[in-house]
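A short write-up of the structure that comes next.
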Amino acid sequence: MKYEHLKPEVVAILSQDDQSRNEKLTNLCQFLSDSVTHYNWVGFYFANHENKTLHLGPYVGAPTDHTVIPFGKGICGQVAESNANFVVPDVSEQTNYIACSFTVKSEIVVPLFVKGVNIGQIDIDSHVIDPFTEDDERFLEFVNEEVAKLF
């Protein structure tokens, strides 16, 4: 796996005893953005299952107006319902896509499970068409497994 060398740092960032969960997640987002050239916006959305909405959590990248997303809307909203990874090689070909910026060309969203419940997701936008591979999916699944330990 091409991201194997990043795993120890992910664990180290999330193990900082002197930081809040949000600080750890922000630092993780920054690390991922800095370490993977095609990760241009990295953030977390967390689910409110009563209202069936996702709420923006820690992130790095361009500011976004999409701080609350209804389940089913856009890529993130679809993952909230499907509980499955969603890789979008070219966002211009998606009919149910919420445009964040004209610079975004592709997106990957991987659900975050805690005790079998999808509590949110990691969302990554790229300025490159079709950069995400199975290695990205496996690595982000690992990232979310480590993040889940914070809950």
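Residue numbering restarts at 1 for every chain of the structure tokens, chains are lettered A, B, ... in their displayed order, and ligands are numbered from 1 as they appear.
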Using only C-alpha atoms, find each residue in segment 58-93 of chain A having at least one atom no more than 10 Å away from segment 109-125 of chain A; report its shortest atom-to-atom pair and that distance in Å (one decimal), rows by chain then rising number, as CSV.
residue,atom,partner,partner_atom,distance
A:Pro58,CA,A:Ile122,CA,9.9
A:Tyr59,CA,A:Asp123,CA,9.1
A:Val60,CA,A:Ile124,CA,9.9
A:Gly61,CA,A:Asp125,CA,9.2
A:Ile75,CA,A:Val109,CA,7.2
A:Cys76,CA,A:Val109,CA,6.5
A:Gly77,CA,A:Val109,CA,9.9
A:Gln78,CA,A:Val109,CA,9.6
A:Val79,CA,A:Pro111,CA,6.6
A:Ala80,CA,A:Gly120,CA,7.1
A:Glu81,CA,A:Asn118,CA,8.9
A:Ser82,CA,A:Pro111,CA,9.1
A:Asn83,CA,A:Pro111,CA,6.1
A:Ala84,CA,A:Pro111,CA,6.4
A:Asn85,CA,A:Val110,CA,4.6
A:Phe86,CA,A:Val109,CA,5.3
A:Val87,CA,A:Val109,CA,6.5
A:Val88,CA,A:Val109,CA,8.7
A:Val91,CA,A:Asp125,CA,9.7
Could those selected residues go to a file with N, CA and C atoms, as a PDB file, in the first residue's frame?
ATOM      1  N   PRO A  58     -14.147  19.427  12.008  1.00  0.00           N
ATOM      2  CA  PRO A  58     -12.830  19.950  11.660  1.00  0.00           C
ATOM      3  C   PRO A  58     -12.491  19.683  10.190  1.00  0.00           C
ATOM      4  N   TYR A  59     -11.829  20.675   9.581  1.00  0.00           N
ATOM      5  CA  TYR A  59     -11.407  20.531   8.190  1.00  0.00           C
ATOM      6  C   TYR A  59     -10.263  21.486   7.908  1.00  0.00           C
ATOM      7  N   VAL A  60      -9.574  21.235   6.802  1.00  0.00           N
ATOM      8  CA  VAL A  60      -8.588  22.174   6.262  1.00  0.00           C
ATOM      9  C   VAL A  60      -8.835  22.292   4.772  1.00  0.00           C
ATOM     10  N   GLY A  61      -8.632  23.486   4.272  1.00  0.00           N
ATOM     11  CA  GLY A  61      -8.872  23.768   2.866  1.00  0.00           C
ATOM     12  C   GLY A  61      -9.718  25.016   2.745  1.00  0.00           C
ATOM     13  N   ILE A  75     -22.674  13.952  -2.370  1.00  0.00           N
ATOM     14  CA  ILE A  75     -21.903  12.728  -2.154  1.00  0.00           C
ATOM     15  C   ILE A  75     -21.916  12.365  -0.671  1.00  0.00           C
ATOM     16  N   CYS A  76     -21.674  13.350   0.184  1.00  0.00           N
ATOM     17  CA  CYS A  76     -21.656  13.086   1.631  1.00  0.00           C
ATOM     18  C   CYS A  76     -23.006  12.580   2.111  1.00  0.00           C
ATOM     19  N   GLY A  77     -24.083  13.206   1.673  1.00  0.00           N
ATOM     20  CA  GLY A  77     -25.420  12.794   2.082  1.00  0.00           C
ATOM     21  C   GLY A  77     -25.770  11.393   1.614  1.00  0.00           C
ATOM     22  N   GLN A  78     -25.259  11.018   0.444  1.00  0.00           N
ATOM     23  CA  GLN A  78     -25.502   9.672  -0.058  1.00  0.00           C
ATOM     24  C   GLN A  78     -24.752   8.635   0.784  1.00  0.00           C
ATOM     25  N   VAL A  79     -23.534   8.968   1.217  1.00  0.00           N
ATOM     26  CA  VAL A  79     -22.761   8.045   2.053  1.00  0.00           C
ATOM     27  C   VAL A  79     -23.420   7.882   3.419  1.00  0.00           C
ATOM     28  N   ALA A  80     -24.055   8.947   3.909  1.00  0.00           N
ATOM     29  CA  ALA A  80     -24.775   8.852   5.189  1.00  0.00           C
ATOM     30  C   ALA A  80     -25.880   7.810   5.118  1.00  0.00           C
ATOM     31  N   GLU A  81     -26.451   7.634   3.941  1.00  0.00           N
ATOM     32  CA  GLU A  81     -27.522   6.647   3.766  1.00  0.00           C
ATOM     33  C   GLU A  81     -27.011   5.273   3.354  1.00  0.00           C
ATOM     34  N   SER A  82     -25.991   5.247   2.498  1.00  0.00           N
ATOM     35  CA  SER A  82     -25.522   3.965   1.949  1.00  0.00           C
ATOM     36  C   SER A  82     -24.575   3.220   2.883  1.00  0.00           C
ATOM     37  N   ASN A  83     -23.892   3.959   3.763  1.00  0.00           N
ATOM     38  CA  ASN A  83     -22.866   3.381   4.639  1.00  0.00           C
ATOM     39  C   ASN A  83     -21.714   2.768   3.861  1.00  0.00           C
ATOM     40  N   ALA A  84     -21.483   3.260   2.661  1.00  0.00           N
ATOM     41  CA  ALA A  84     -20.429   2.711   1.805  1.00  0.00           C
ATOM     42  C   ALA A  84     -19.537   3.830   1.281  1.00  0.00           C
ATOM     43  N   ASN A  85     -18.288   3.481   0.993  1.00  0.00           N
ATOM     44  CA  ASN A  85     -17.372   4.436   0.377  1.00  0.00           C
ATOM     45  C   ASN A  85     -17.962   4.926  -0.933  1.00  0.00           C
ATOM     46  N   PHE A  86     -17.659   6.161  -1.289  1.00  0.00           N
ATOM     47  CA  PHE A  86     -18.118   6.719  -2.559  1.00  0.00           C
ATOM     48  C   PHE A  86     -16.946   7.475  -3.170  1.00  0.00           C
ATOM     49  N   VAL A  87     -16.467   6.979  -4.294  1.00  0.00           N
ATOM     50  CA  VAL A  87     -15.386   7.620  -5.033  1.00  0.00           C
ATOM     51  C   VAL A  87     -15.987   8.227  -6.291  1.00  0.00           C
ATOM     52  N   VAL A  88     -15.742   9.521  -6.474  1.00  0.00           N
ATOM     53  CA  VAL A  88     -16.261  10.237  -7.635  1.00  0.00           C
ATOM     54  C   VAL A  88     -15.069  10.705  -8.466  1.00  0.00           C
ATOM     55  N   VAL A  91     -16.465  15.003 -10.669  1.00  0.00           N
ATOM     56  CA  VAL A  91     -17.698  15.512 -10.061  1.00  0.00           C
ATOM     57  C   VAL A  91     -18.650  16.105 -11.098  1.00  0.00           C
TER      58      VAL A  91
END
### Query
So which bits of segment 34-135 of chain A end up alpha helix (DSSP H) when you DSSP the backbone, as a count of residues only?
13
### Query
Excluding same-chain residues fewer than 5 positions from Leu56 of chain A, what lies within 8 Å of it counting only C-alpha atoms, as a PyMOL selection string?
chain A and resi 43-46+66-68
Would you save the residues of that selection, restricted to C-alpha atoms, as a PDB file, in the first residue's frame?
ATOM      1  CA  GLY A  43     -12.630  17.359   6.497  1.00  0.00           C
ATOM      2  CA  PHE A  44     -15.062  15.483   8.660  1.00  0.00           C
ATOM      3  CA  TYR A  45     -18.844  15.603   8.712  1.00  0.00           C
ATOM      4  CA  PHE A  46     -20.755  14.178  11.669  1.00  0.00           C
ATOM      5  CA  HIS A  66     -21.877  23.442   3.187  1.00  0.00           C
ATOM      6  CA  THR A  67     -21.897  23.236   6.973  1.00  0.00           C
ATOM      7  CA  VAL A  68     -25.141  21.217   7.146  1.00  0.00           C
TER       8      VAL A  68
END
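Ranking A:Glu9, A:Asp90, A:Glu145, A:Glu4 by their shortest atom-to-atom distance to Thr103 of chain A, with only C-alpha atoms included, puts A:Asp90 first.
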### Task
Identify, on the basis of only C-alpha atoms, every residue whose closest approach to His38 of chain A does not exceed 10 Å; exclude the query and any residue fewer than 5 positions from it along the same chain; express the result as JSON, numbers by chain.
{"A": [32, 33, 106, 124, 125, 126, 127, 128, 129, 130, 131, 132]}
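Of the listed residues (A:Val42, A:Ile108, A:Leu140, A:Leu54), A:Leu140 comes nearest to Val10 of chain A; the distances count only C-alpha atoms.
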### Spatial neighbours of Glu50 of chain A, 12 Å, only C-alpha atoms, chain gap at least 2 places, as JSON, numbers by chain
{"A": [47, 48, 52, 53, 54, 70, 71, 119]}
Grab the residues selected above and save them as a compact mmCIF listing (two decimals), in the first residue's frame with N, CA, C and O atoms.
# COMPACT_ATOMS: atom_id res chain seq x y z
N ALA A 47 -22.84 12.98 11.77
CA ALA A 47 -24.27 12.77 11.57
C ALA A 47 -25.09 13.14 12.79
O ALA A 47 -24.71 12.87 13.93
N ASN A 48 -26.23 13.75 12.51
CA ASN A 48 -27.30 13.92 13.49
C ASN A 48 -28.43 13.04 12.96
O ASN A 48 -29.12 13.41 12.02
N LYS A 52 -31.50 13.76 10.53
CA LYS A 52 -31.02 13.24 9.26
C LYS A 52 -30.21 14.30 8.50
O LYS A 52 -30.45 14.61 7.34
N THR A 53 -29.22 14.85 9.24
CA THR A 53 -28.33 15.84 8.66
C THR A 53 -26.89 15.54 9.05
O THR A 53 -26.62 14.91 10.07
N LEU A 54 -25.98 16.01 8.21
CA LEU A 54 -24.55 15.96 8.49
C LEU A 54 -24.09 17.36 8.85
O LEU A 54 -24.55 18.34 8.24
N PRO A 70 -28.22 17.62 4.24
CA PRO A 70 -29.24 16.61 4.51
C PRO A 70 -28.79 15.23 4.01
O PRO A 70 -28.11 15.12 2.99
N PHE A 71 -29.18 14.19 4.76
CA PHE A 71 -28.93 12.83 4.28
C PHE A 71 -29.51 12.71 2.87
O PHE A 71 -30.59 13.21 2.58
N ILE A 119 -21.35 7.30 12.18
CA ILE A 119 -21.49 8.57 12.90
C ILE A 119 -21.03 9.77 12.07
O ILE A 119 -21.15 10.91 12.49
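Here atom CA of Leu150 of chain A and atom CA of Trp41 of chain A stand 21.9 Å from one another.
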### Query
Hey, which of A:Asn27, A:Asn22, A:Asp136, A:Asn144 ends up closest to Tyr39 of chain A? Count only C-alpha atoms.
A:Asp136
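Taking atom CA of Gly72 of chain A as the reference point, atom CA of Gln30 of chain A is found at 27.6 Å.
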